[in-house]
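Quick look at work.txt (compact mmCIF, C-alpha atoms):
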# COMPACT_ATOMS: atom_id res chain seq x y z
CA MET A 1 86.24 158.21 102.01
CA CYS A 2 84.58 155.01 101.15
CA TYR A 3 86.37 154.96 97.78
CA HIS A 4 89.79 155.36 99.41
CA LYS A 5 89.14 152.51 101.81
CA LYS A 6 88.24 150.24 98.94
CA LYS A 7 91.35 151.28 97.01
CA ASN A 8 93.65 150.67 99.99
CA GLY A 9 92.07 147.26 100.62
CA PHE A 10 92.63 146.24 97.03
CA SER A 11 96.29 147.26 97.20
CA LEU A 12 96.85 145.24 100.37
CA LEU A 13 95.24 142.20 98.80
CA SER A 14 97.46 142.59 95.74
CA LEU A 15 100.52 142.83 97.97
CA ILE A 16 99.58 139.65 99.85
CA ILE A 17 98.88 137.75 96.64
CA GLY A 18 102.15 139.04 95.20
CA ILE A 19 104.11 137.82 98.22
CA ILE A 20 102.44 134.41 98.02
CA VAL A 21 103.20 134.11 94.30
CA VAL A 22 106.84 135.10 94.83
CA PHE A 23 107.08 132.62 97.70
CA ILE A 24 105.67 129.82 95.54
CA ILE A 25 108.04 130.66 92.67
CA LEU A 26 111.04 130.68 95.03
CA ASN A 27 109.89 127.39 96.50
CA ILE A 28 109.67 125.80 93.06
CA LEU A 29 113.11 127.11 92.13
CA TYR A 30 114.51 125.75 95.38
CA SER A 31 112.93 122.35 94.68
CA ILE A 32 114.42 122.27 91.20
CA PHE A 33 117.83 123.25 92.51
CA SER A 34 117.63 120.67 95.31
CA ALA A 35 116.73 117.92 92.85
CA MET A 36 119.62 118.88 90.58
CA ARG A 37 122.20 119.31 93.30
CA PRO A 38 123.70 115.82 93.01
CA ILE A 39 124.06 116.45 89.26
CA ILE A 40 125.49 119.95 89.24
CA TRP A 41 127.48 119.47 92.43
CA PRO A 42 129.48 116.23 92.25
CA GLY A 43 130.05 114.77 95.65
CA TYR A 44 127.10 116.54 97.21
CA GLY A 45 125.49 113.32 98.34
CA TYR A 46 128.69 112.03 99.86
CA TYR A 47 128.78 114.68 102.51
CA HIS A 48 125.24 115.75 103.02
CA ARG A 49 123.44 112.44 103.01
CA GLY A 50 125.97 110.65 105.16
CA TYR A 51 127.19 108.74 102.16
CA TRP A 52 130.48 107.93 103.78
CA GLY A 53 129.22 107.64 107.29
CA ARG A 54 128.17 104.64 109.25
CA THR A 55 124.84 106.05 110.25
CA TYR A 56 123.17 105.73 106.90
CA TYR A 57 125.46 104.19 104.36
CA GLY A 58 127.71 102.54 106.87
CA HIS A 59 127.74 98.98 105.71
CA ARG A 60 130.25 99.19 102.91
CA TYR A 61 131.71 102.56 103.56
CA PRO A 62 132.92 103.50 106.99
CA SER A 63 133.77 107.15 107.10
CA ASN A 64 137.48 106.56 106.80
CA ARG A 65 137.41 104.05 103.98
CA TYR A 66 137.38 106.19 100.87
CA PRO A 67 138.03 109.68 102.06
CA PRO A 68 136.91 111.93 99.24
CA GLY A 69 139.37 114.43 97.95
CA PRO A 70 142.92 114.55 96.70
CA ALA A 71 144.27 112.29 99.42
CA ASN A 72 142.91 109.28 97.65
CA LYS A 73 143.69 110.44 94.14
CA GLY A 74 146.93 109.58 92.50
CA SER A 75 147.63 106.63 94.73
CA SER A 76 146.18 103.42 93.51
CA PHE A 77 144.66 100.89 95.80
CA GLY A 78 147.65 98.63 95.18
CA GLU A 79 150.07 101.29 96.37
CA ARG A 80 148.08 102.10 99.45
CA PHE A 81 147.55 98.46 100.28
CA ALA A 82 151.14 97.45 99.63
CA SER A 83 152.35 100.12 101.99
CA LYS A 84 150.40 98.46 104.77
CA LYS A 85 151.37 94.93 103.90
CA GLY A 86 153.69 93.29 106.32
CA SER A 87 152.74 95.48 109.20
CA SER A 88 149.08 94.61 108.90
CA SER A 89 147.69 91.20 109.70
CA PHE A 90 144.62 92.15 107.72
CA ALA A 91 146.69 92.70 104.59
CA SER A 92 148.47 89.38 104.90
CA ARG A 93 145.19 87.63 105.70
CA PHE A 94 143.63 89.13 102.63
CA SER A 95 146.55 88.21 100.39
CA SER A 96 146.59 84.62 101.51
CA ARG A 97 142.86 84.18 100.89
CA TYR A 98 142.15 86.15 97.78
CA GLY A 99 141.14 83.84 94.96
CA ARG A 100 139.43 81.21 97.06
CA SER A 101 136.32 80.13 95.27
CA ARG A 102 133.05 80.93 96.90
CA VAL A 103 130.47 79.80 94.38
CA SER A 104 131.83 76.30 94.53
CA GLY A 105 131.53 76.41 98.29
CA PHE A 106 128.65 75.64 100.55
CA ARG A 107 126.27 78.01 98.87
CA SER A 108 125.84 75.84 95.82
CA SER A 109 127.06 72.42 96.78
CA GLY A 110 126.25 72.30 100.44
CA PHE A 111 129.73 71.39 101.52
CA PHE A 112 132.70 73.36 102.56
CA GLY A 113 134.46 73.98 99.31
CA GLY A 114 135.94 77.37 99.83
CA LYS A 115 138.54 76.72 102.40
CA MET B 116 101.16 116.59 93.74
CA GLY B 117 104.65 117.98 93.46
CA LEU B 118 106.37 119.29 90.42
CA PHE B 119 108.24 116.04 89.82
CA ASP B 120 105.49 113.63 90.86
CA PHE B 121 104.31 113.44 87.28
CA PHE B 122 107.63 111.94 86.22
CA LYS B 123 107.80 109.67 89.26
CA LYS B 124 104.38 108.27 88.53
CA LYS B 125 105.33 107.47 84.98
CA LYS B 126 108.49 105.75 86.14
CA ASN B 127 106.58 103.54 88.58
CA GLN B 128 104.21 102.48 85.83
CA ASP B 129 107.21 101.09 83.97
CA GLN B 130 108.41 99.12 86.98
CA VAL B 131 109.70 95.66 86.32
CA ASP B 132 108.55 92.62 88.21
CA LEU B 133 111.83 91.14 89.31
CA ILE B 134 110.53 88.17 91.25
CA GLY B 135 112.15 85.66 88.94
CA HIS B 136 115.60 85.35 90.39
CA SER B 137 116.79 88.46 88.63
CA LEU B 138 117.63 91.60 90.52
CA ASP B 139 119.53 93.09 87.63
CA GLY B 140 116.98 95.84 87.15
CA LEU B 141 117.04 96.87 90.80
CA LYS B 142 118.51 100.35 90.87
CA LYS B 143 119.53 102.74 93.60
CA GLY B 144 116.36 104.15 95.13
CA GLY B 145 114.42 100.97 94.38
CA ILE B 146 112.22 99.46 97.07
CA VAL B 147 112.12 95.81 98.12
CA GLU B 148 109.61 94.29 100.50
CA LEU B 149 111.31 91.71 102.69
CA ASP B 150 110.40 90.27 106.09
CA GLY B 151 107.45 92.61 106.33
CA GLU B 152 109.60 95.70 105.92
CA SER B 153 110.28 98.08 103.07
CA TRP B 154 113.95 98.30 102.17
CA GLU B 155 115.40 101.00 99.99
CA VAL B 156 118.40 100.30 97.79
CA VAL B 157 121.01 102.87 98.73
CA ASP B 158 124.08 101.43 97.07
CA ILE B 159 125.07 98.87 94.48
CA GLY B 160 128.43 97.24 94.09
CA TYR B 161 129.98 93.86 93.63
CA TYR B 162 132.49 91.53 95.22
CA ASP B 163 135.33 90.49 93.03
CA TYR B 164 136.66 87.13 94.14
CA GLY B 165 139.10 86.86 91.27
CA ASP B 166 137.27 84.73 88.78
CA GLU B 167 133.86 85.14 90.40
CA LYS B 168 131.66 88.10 91.08
CA GLU B 169 128.76 88.62 93.40
CA TRP B 170 126.45 91.56 93.08
CA ASP B 171 125.47 93.37 96.20
CA TRP B 172 122.58 95.74 96.87
CA LYS B 173 122.91 97.67 100.08
CA LEU B 174 119.55 98.23 101.76
CA VAL B 175 118.18 100.35 104.54
CA SER B 176 114.83 100.04 106.26
CA PRO B 177 113.46 102.53 108.75
CA THR B 178 115.07 100.55 111.54
CA ARG B 179 118.15 98.77 110.24
CA GLU B 180 120.60 98.00 107.47
CA GLY B 181 121.03 94.98 105.29
CA PHE B 182 121.92 93.83 101.84
CA LEU B 183 120.89 91.55 99.05
CA ASN B 184 123.59 89.41 97.55
CA LYS B 185 123.33 87.48 94.34
CA ASP B 186 125.64 84.78 93.07
CA GLU B 187 125.22 82.12 90.43
CA ASP B 188 123.28 79.97 92.81
CA GLY B 189 120.73 82.28 94.32
CA ILE B 190 119.84 85.42 96.18
CA TYR B 191 120.72 86.00 99.81
CA PHE B 192 119.37 88.52 102.27
CA PHE B 193 121.39 89.75 105.24
CA LYS B 194 120.66 92.10 108.10
CA ARG B 195 123.27 93.90 110.15
CA GLU B 196 123.79 92.56 113.64
CA ASP B 197 125.67 93.76 116.68
CA LEU B 198 129.16 92.31 116.95
CA LYS B 199 128.73 92.18 120.71
CA LYS B 200 126.28 89.32 120.27
CA LEU B 201 129.12 87.10 119.09
CA SER B 202 130.67 84.73 121.56
CA ILE B 203 134.08 86.21 120.74
CA ASP B 204 135.42 89.63 119.99
CA PRO B 205 136.96 89.16 116.52
CA ILE B 206 139.30 92.11 116.96
CA GLU B 207 140.77 90.74 120.16
CA TYR B 208 140.67 87.15 118.94
CA LEU B 209 142.68 87.87 115.82
CA LYS B 210 145.35 89.62 117.80
CA THR B 211 146.37 86.26 119.18
CA HIS B 212 145.11 83.89 116.45
CA GLU B 213 145.71 83.76 112.74
CA ASP B 214 142.12 82.88 111.96
CA LEU B 215 138.68 82.88 113.51
CA PRO B 216 137.54 79.64 115.17
CA SER B 217 135.72 76.99 113.18
CA GLU B 218 132.71 77.31 115.46
CA ILE B 219 131.21 80.46 116.79
CA LYS B 220 128.16 81.31 118.86
CA PHE B 221 125.74 84.06 118.08
CA ASP B 222 122.76 84.66 120.32
CA ASN B 223 123.63 81.36 121.99
CA LYS B 224 123.26 79.45 118.72
CA LEU B 225 126.17 77.54 117.27
CA TYR B 226 127.39 78.31 113.77
CA ASP B 227 130.00 76.30 111.85
CA LEU B 228 132.55 77.87 109.57
CA GLU B 229 131.66 77.13 105.95
CA TYR B 230 133.80 79.55 104.00
CA SER B 231 136.61 81.95 104.56
CA GLY B 232 138.10 83.96 101.78
CA ALA B 233 138.73 87.42 100.50
CA ALA B 234 137.46 89.70 97.81
CA TYR B 235 137.57 93.22 96.59
CA TYR B 236 134.40 95.19 97.07
CA VAL B 237 134.10 97.31 93.94
CA LYS B 238 132.01 100.42 93.64
CA ASP B 239 132.44 103.52 91.54
CA GLY B 240 135.88 102.36 90.49
CA ASN B 241 137.08 101.96 94.07
CA ARG B 242 138.30 98.54 95.14
CA SER B 243 138.31 97.83 98.82
CA PRO B 244 139.79 94.60 100.16
CA VAL B 245 137.66 92.60 102.52
CA VAL B 246 138.14 89.30 104.29
CA ILE B 247 134.99 87.24 104.65
CA TRP B 248 133.95 84.45 106.99
CA ASP B 249 130.67 82.62 106.49
CA PHE B 250 129.27 80.48 109.27
CA GLU B 251 126.10 78.46 109.03
CA ASP B 252 123.78 76.86 111.56
CA ASP B 253 121.68 73.73 111.19
CA ASN B 254 118.73 75.73 109.88
CA GLY B 255 120.60 77.31 107.00
CA ASN B 256 121.04 80.69 108.65
CA ILE B 257 124.27 82.31 107.56
CA LEU B 258 126.40 84.42 109.82
CA GLU B 259 128.77 86.59 107.82
CA ILE B 260 131.71 88.39 109.37
CA LEU B 261 133.47 90.96 107.24
CA GLN B 262 136.83 92.46 108.01
CA TRP B 263 137.69 95.70 106.23
CA ALA B 264 140.77 96.64 108.21
CA ASP B 265 142.66 95.45 111.26
CA GLU B 266 139.99 96.70 113.64
CA ASP B 267 137.06 97.23 111.32
CA PHE B 268 134.58 94.39 111.41
CA GLU B 269 130.96 94.00 110.46
CA LEU B 270 128.48 91.26 111.27
CA PHE B 271 125.44 90.22 109.27
CA LEU B 272 122.90 87.47 109.70
CA GLY B 273 121.11 86.18 106.65
CA ARG B 274 119.70 83.36 104.65
CA ARG B 275 119.04 82.25 101.13
CA LEU B 276 115.83 83.72 99.82
CA GLN B 277 113.04 81.77 98.24
CA GLU B 278 111.37 83.36 95.25
CA TRP B 279 108.15 84.00 97.09
CA GLU B 280 109.93 85.85 99.86
CA ILE B 281 110.64 88.82 97.66
CA GLU B 282 107.14 90.20 97.87
CA ASP B 283 107.59 93.21 95.70
CA VAL B 284 110.29 95.10 93.93
CA LEU B 285 109.96 98.64 92.67
CA SER B 286 112.87 99.93 90.71
Would you write out, as structure tokens, the structure that this file holds?
Amino acid sequence: MCYHKKKNGFSLLSLIIGIIVVFIILNILYSIFSAMRPIIWPGYGYYHRGYWGRTYYGHRYPSNRYPPGPANKGSSFGERFASKKGSSSFASRFSSRYGRSRVSGFRSSGFFGGK
Amino acid sequence: MGLFDFFKKKKNQDQVDLIGHSLDGLKKGGIVELDGESWEVVDIGYYDYGDEKEWDWKLVSPTREGFLNKDEDGIYFFKREDLKKLSIDPIEYLKTHEDLPSEIKFDNKLYDLEYSGAAYYVKDGNRSPVVIWDFEDDNGNILEILQWADEDFELFLGRRLQEWEIEDVLS
């Protein structure tokens, strides 16, 4: 009787240790996969880390600026921008200002040289 | 100690002290100590003004966003501000005016227009047009308004950094 109890206890301990070991191995594999996700899954970071959203990466990339996917492929910036030109005050404002020197402006010389 | 901490530790040992006007080694994921806060570099791009370029490191701290900007003359640090603090609403103003006014108030301080121009913001091969206005107050604080589309504006307040202000850079 005493022998059987000892045997059963040993088996239970082995089972628990086994579960823990499997859990640790799975955890390590998950960590490795997580670390490699941006490499093996192009574009992962864009969606899942808010890459295109204002909340985290919002400064240069509002969510609608460079929509990932085929919509933005095949049409160059020039084509997209030209299609808006004329109807967009922003486009005309940009066109009339592009090329104005900035380095020679107030930042280096202290006077208004850019405008 | 995690599985990858060994590699991280080795990387940090190779960190470069960038306090000498050069931020060229500052990579995405790098940390900069500025204004008593830790800022993480989350994006790197540059502004193409035609014949000039300015590098731009987008930063986030636990509480706000900002960026470092480097041109031939120096390094500038900007923090995002609320457009509502401006004395005018640029979206509404530009519906009836061709340009922003030459003076603008922010937080009840007067800023004079010092530069207005346009550039392409370039990152990962994408070029995004942006119109830029820089205003400056008497203390050298720079108010930068960026227009990315007809009704897409951003506001940043910044200044030129002194060397000693960049306390630490980990790349």
| message | Between B:Val245, B:Val237, B:Leu225, B:Leu209, which residue has the minimum interatomic distance to Ser89 (chain A), considering all atoms listed in the file? | response |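 Closest residue, counting all atoms listed in the file: B:Leu209.
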| Near Asp163 (chain B), counting only C-alpha atoms, which residues have an atom at most 8 Å away, once you skip same-chain residues fewer than 4 positions from it, shown as a list of chain:residue names? | B:Glu167, B:Lys168, B:Glu169, B:Ala234, B:Tyr235, B:Tyr236, B:Val237
| task | In the coordinate frame of the file, compute which residues have an atom within 12 Å of (125.5, 71.4, 111.6) when using all atoms listed in the file, and state them as a list of chain:residue names. | result | A:Gly110, A:Phe111, A:Phe112, B:Ser217, B:Glu218, B:Ile219, B:Lys224, B:Leu225, B:Tyr226, B:Asp227, B:Leu228, B:Glu229, B:Phe250, B:Glu251, B:Asp252, B:Asp253, B:Asn254, B:Gly255, B:Asn256, B:Ile257
| request: Report as an MDAnalysis selection string the set of chain B residues whose atoms approach chain A to within 7 Å, with distances computed over only C-alpha atoms. | output: chainID B and resid 164:165 187:188 229:234 242 245:246 264:265
| request: Go through B:Lys220, B:Lys185, B:Lys200, B:Arg195 and flag the residue nearest Leu261 (chain B), using all atoms listed in the file for the distances. | output: B:Arg195
Using the file's own x, y and z axes, what box holds all listed atoms of region 140-152 of chain B with 8 Å on each side, keeping edges along x, y and z, and what are its centre and edge lengths in Å to one decimal, as AutoDock Vina command-line options?
--center_x 113.5 --center_y 97.2 --center_z 96.7 --size_x 28.1 --size_y 29.9 --size_z 35.2
Identify the residues around (113.9, 101.1, 106.1) within a radius of 8 Å, measuring from only C-alpha atoms in the coordinates stated by the file, and give them as a PDB file with C-alpha atoms, in the coordinates of the input.
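Below you can see out.pdb, which holds the result:
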ATOM      1  CA  GLU B 152     109.600  95.700 105.920  1.00  0.00           C
ATOM      2  CA  SER B 153     110.280  98.080 103.070  1.00  0.00           C
ATOM      3  CA  TRP B 154     113.950  98.300 102.170  1.00  0.00           C
ATOM      4  CA  GLU B 155     115.400 101.000  99.990  1.00  0.00           C
ATOM      5  CA  LEU B 174     119.550  98.230 101.760  1.00  0.00           C
ATOM      6  CA  VAL B 175     118.180 100.350 104.540  1.00  0.00           C
ATOM      7  CA  SER B 176     114.830 100.040 106.260  1.00  0.00           C
ATOM      8  CA  PRO B 177     113.460 102.530 108.750  1.00  0.00           C
ATOM      9  CA  THR B 178     115.070 100.550 111.540  1.00  0.00           C
ATOM     10  CA  ARG B 179     118.150  98.770 110.240  1.00  0.00           C
ATOM     11  CA  GLU B 180     120.600  98.000 107.470  1.00  0.00           C
TER      12      GLU B 180
END
| query | So how many Å separate CA of Tyr191 (chain B) and CA of Val147 (chain B), to one decimal? | reply | 13.2 Å
| message | I'd like the interatomic distance between CA of Asp239 (chain B) and CA of Gly144 (chain B), to a tenth of an Å. | response | 16.5 Å
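We find CA of Ser14 (chain A) and CA of Leu29 (chain A) to be spaced 22.3 Å apart.
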| field | Given all atoms listed in the file as the counted atoms, nearest of B:Arg274, B:Gln262, B:Glu148, B:Gly189 to Ile206 (chain B) | value |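 Closest to Ile206 (chain B) of all the choices is B:Gln262.
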| request: Determine the nearest neighbour of Lys194 (chain B) from the options B:Leu138, B:Trp172, B:Gly240, B:Asp166, counting all atoms listed in the file. | output: B:Trp172
